[in-house]
Amino acid sequence: MPLRRLPPLRALEAFMRTVRLGSARAASEELGLSPSALSRRIASLEEFVGKKLFTRARQSMQLTDEGHAFYEAVAPQFEALARAVESQSDNMSLLRLRLGVLPLFGSQRLFPHLGELRRLHPLLHIDIDTGAHLEARVGDTLDAAIILSEGPERGLHAIRLDENKVHAITSRELAASISDKPIEAELAKQTFLIHNELPESFTAWKEEIGLRDLEPVAIDHYDSGQLMLEAAAQGLGIAIMHDDHRRRAADPRLTDLFDVDVDSPYSYWFVCKPTALEERPVRLFHDWLAKAGL
């Protein structure tokens, strides 16, 4: 059976990079081409497919409707071709991603699925960073990060990974000593455990139970969700956390306090610089994460 005629791969790569980077100038710099050389490659692709893929005005290039349809049809196949070549090549170098992750998300949600990612992309290796200020270090010491935030900074590419509910989580023994309904005088005697970077969770919870002005005897601050759960299990206080964390921990020592659901101001987000999506390790992880349903 005769092989089908394929488009010039260099022209196709020029097209894909221009679309993903959103700029002909950025694409030409990435490929080490002059703007005119990039334009010629795209023109050769347009000639091959018999369609205008971009409109050209001065120095800008905008996708036409046909160009957008072409990208949507070709992008998955282009990525599949790259994966197929990667899987069959003994000469491909390792792909390394510097990823910032909060420890609790890493242990509960990411690491249980990394075996699947390794099977799909055996050359992709990840350096994990659980340090502080993850979002601020994206594009510097980190290629990408998974953060818990009210909303990422402008200028970052972001995908929202979930929406959460805030619960008051504590030991079963402590919960048994507290009334079934919120009583301000009773809760004012308790110690609350709050994450340093998520102060609005406590505010949202207090407003939902009708005790906006509640002032507990003490608020202990943590920079680790995992340690907050352990402190709550040991009866050291009431942890204001996402319900998902207690459910995934499956710790029989823990329970929720009161039967209330509070919309969290915070969500988990994957963030990276828009231009980082052209780097293969970032793109592979981004596309896998978007479909993994962690």
# chains A, B, ... in the order shown; residues from 1 in each chain; ligands from 1

call {"tool": "residues_around", "arguments": {"residues": "segment 261-273 of chain A", "least_positions_apart": "3", "cutoff": "7 Å", "atoms": "only C-alpha atoms", "output": "list in words"}}
result
Val138, Gly139, Asp143, Ala144, Ala145, Ile146, Ile147, Leu148, Ser149, Glu150, Leu156, His157, Ala158, Ile159, Arg160, Leu161, Asp162, Glu163, Asn164, Lys165, Val166, His167, Glu200, Ser201, Ala204, Trp205, Glu208 and Ala276 of chain A

call {"tool": "select_by_dssp", "arguments": {"residues": "segment 82-220 of chain A", "states": "strand (DSSP E or B)", "output": "ChimeraX atom specification"}}
result
/A:95-101,124-129,138,142,144-149,157-160,165-171,191-195,218-220

call {"tool": "atom_distance", "arguments": {"atom1": "atom CA of Leu214 of chain A", "atom2": "atom CA of Pro182 of chain A"}}
result
10.6 Å

call {"tool": "select_by_dssp", "arguments": {"residues": "segment 91-260 of chain A", "states": "helix (DSSP H, G or I)", "output": "number ranges by chain"}}
result
A: 103-120, 134-137, 172-176, 184-187, 200-208, 225-233, 243-249

call {"tool": "closest_residue", "arguments": {"among": "A:Val282, A:Leu12, A:His195, A:Glu215", "to": "Leu227 of chain A", "atoms": "only C-alpha atoms"}}
result
A:His195

call {"tool": "closest_residue", "arguments": {"among": "A:Thr275, A:Thr55, A:Thr170, A:Thr141", "to": "Met228 of chain A", "atoms": "only C-alpha atoms"}}
result
A:Thr170

call {"tool": "atom_distance", "arguments": {"atom1": "atom CA of Leu95 of chain A", "atom2": "atom CA of Leu284 of chain A"}}
result
9.7 Å

call {"tool": "residues_around", "arguments": {"residues": "segment 65-81 of chain A", "least_positions_apart": "2", "cutoff": "9 Å", "atoms": "only C-alpha atoms", "output": "PDB file with N, CA and C atoms, in the first residue's frame"}}
result
ATOM      1  N   LEU A  12       5.586  22.162   9.223  1.00  0.00           N
ATOM      2  CA  LEU A  12       4.571  21.842  10.232  1.00  0.00           C
ATOM      3  C   LEU A  12       5.037  22.261  11.623  1.00  0.00           C
ATOM      4  N   GLU A  13       6.320  22.046  11.922  1.00  0.00           N
ATOM      5  CA  GLU A  13       6.858  22.470  13.217  1.00  0.00           C
ATOM      6  C   GLU A  13       6.793  23.991  13.355  1.00  0.00           C
ATOM      7  N   PHE A  15       4.636  25.972  11.995  1.00  0.00           N
ATOM      8  CA  PHE A  15       3.226  26.298  12.225  1.00  0.00           C
ATOM      9  C   PHE A  15       2.840  26.036  13.679  1.00  0.00           C
ATOM     10  N   MET A  16       3.187  24.848  14.195  1.00  0.00           N
ATOM     11  CA  MET A  16       2.800  24.481  15.554  1.00  0.00           C
ATOM     12  C   MET A  16       3.404  25.429  16.579  1.00  0.00           C
ATOM     13  N   VAL A  19       1.632  28.870  16.563  1.00  0.00           N
ATOM     14  CA  VAL A  19       0.332  28.836  17.229  1.00  0.00           C
ATOM     15  C   VAL A  19       0.499  28.756  18.744  1.00  0.00           C
ATOM     16  N   LYS A  51      -4.775  25.932   1.765  1.00  0.00           N
ATOM     17  CA  LYS A  51      -5.603  26.822   2.595  1.00  0.00           C
ATOM     18  C   LYS A  51      -4.725  27.913   3.193  1.00  0.00           C
ATOM     19  N   LYS A  52      -5.333  29.071   3.436  1.00  0.00           N
ATOM     20  CA  LYS A  52      -4.657  30.123   4.170  1.00  0.00           C
ATOM     21  C   LYS A  52      -4.819  29.838   5.660  1.00  0.00           C
ATOM     22  N   LEU A  53      -3.722  29.589   6.326  1.00  0.00           N
ATOM     23  CA  LEU A  53      -3.764  29.251   7.745  1.00  0.00           C
ATOM     24  C   LEU A  53      -3.639  30.481   8.630  1.00  0.00           C
ATOM     25  N   PHE A  54      -2.995  31.515   8.125  1.00  0.00           N
ATOM     26  CA  PHE A  54      -2.828  32.761   8.868  1.00  0.00           C
ATOM     27  C   PHE A  54      -3.237  33.944   7.999  1.00  0.00           C
ATOM     28  N   GLN A  62      -2.295  36.102  12.424  1.00  0.00           N
ATOM     29  CA  GLN A  62      -3.440  35.614  13.172  1.00  0.00           C
ATOM     30  C   GLN A  62      -4.017  34.399  12.476  1.00  0.00           C
ATOM     31  N   LEU A  63      -4.373  33.373  13.273  1.00  0.00           N
ATOM     32  CA  LEU A  63      -4.982  32.176  12.695  1.00  0.00           C
ATOM     33  C   LEU A  63      -6.297  32.513  12.010  1.00  0.00           C
ATOM     34  N   ARG A  83       5.520  11.099  20.543  1.00  0.00           N
ATOM     35  CA  ARG A  83       5.551  10.037  21.556  1.00  0.00           C
ATOM     36  C   ARG A  83       6.019   8.720  20.960  1.00  0.00           C
ATOM     37  N   ALA A  84       5.552   8.425  19.747  1.00  0.00           N
ATOM     38  CA  ALA A  84       5.927   7.167  19.106  1.00  0.00           C
ATOM     39  C   ALA A  84       7.427   7.115  18.828  1.00  0.00           C
ATOM     40  N   VAL A  85       7.968   8.215  18.321  1.00  0.00           N
ATOM     41  CA  VAL A  85       9.408   8.268  18.052  1.00  0.00           C
ATOM     42  C   VAL A  85      10.180   8.155  19.358  1.00  0.00           C
ATOM     43  N   GLU A  86       9.688   8.851  20.387  1.00  0.00           N
ATOM     44  CA  GLU A  86      10.344   8.822  21.704  1.00  0.00           C
ATOM     45  C   GLU A  86      10.403   7.406  22.256  1.00  0.00           C
ATOM     46  N   LEU A 284       4.291  17.695  28.030  1.00  0.00           N
ATOM     47  CA  LEU A 284       3.869  16.323  28.339  1.00  0.00           C
ATOM     48  C   LEU A 284       3.161  16.259  29.683  1.00  0.00           C
TER      49      LEU A 284
END

call {"tool": "closest_residue", "arguments": {"among": "A:Arg56, A:Arg154, A:Arg109, A:Arg253", "to": "Pro274 of chain A", "atoms": "only C-alpha atoms"}}
result
A:Arg154

call {"tool": "residues_around", "arguments": {"residues": "Arg248 of chain A", "least_positions_apart": "2", "cutoff": "12 Å", "atoms": "only C-alpha atoms", "output": "list in words"}}
result
Leu104, Phe105, Gly106, Ser107, Gln108, Arg109, Leu110, Pro112, Gln226, Leu229, His242, Asp243, Asp244, His245, Arg246, Ala250, Asp251, Pro252, Leu254 and Leu294 of chain A

call {"tool": "residues_around", "arguments": {"residues": "Ala292 of chain A", "least_positions_apart": "5", "cutoff": "10 Å", "atoms": "only C-alpha atoms", "output": "list in words"}}
result
Leu110, His113, Glu116, Leu117, Leu161, His286 and Asp287 of chain A

call {"tool": "closest_residue", "arguments": {"among": "A:Val260, A:Ile240, A:Ala26, A:Leu193", "to": "Tyr222 of chain A", "atoms": "only C-alpha atoms"}}
result
A:Leu193

call {"tool": "atom_distance", "arguments": {"atom1": "atom CA of Gly151 of chain A", "atom2": "atom CA of Asp129 of chain A"}}
result
20.6 Å
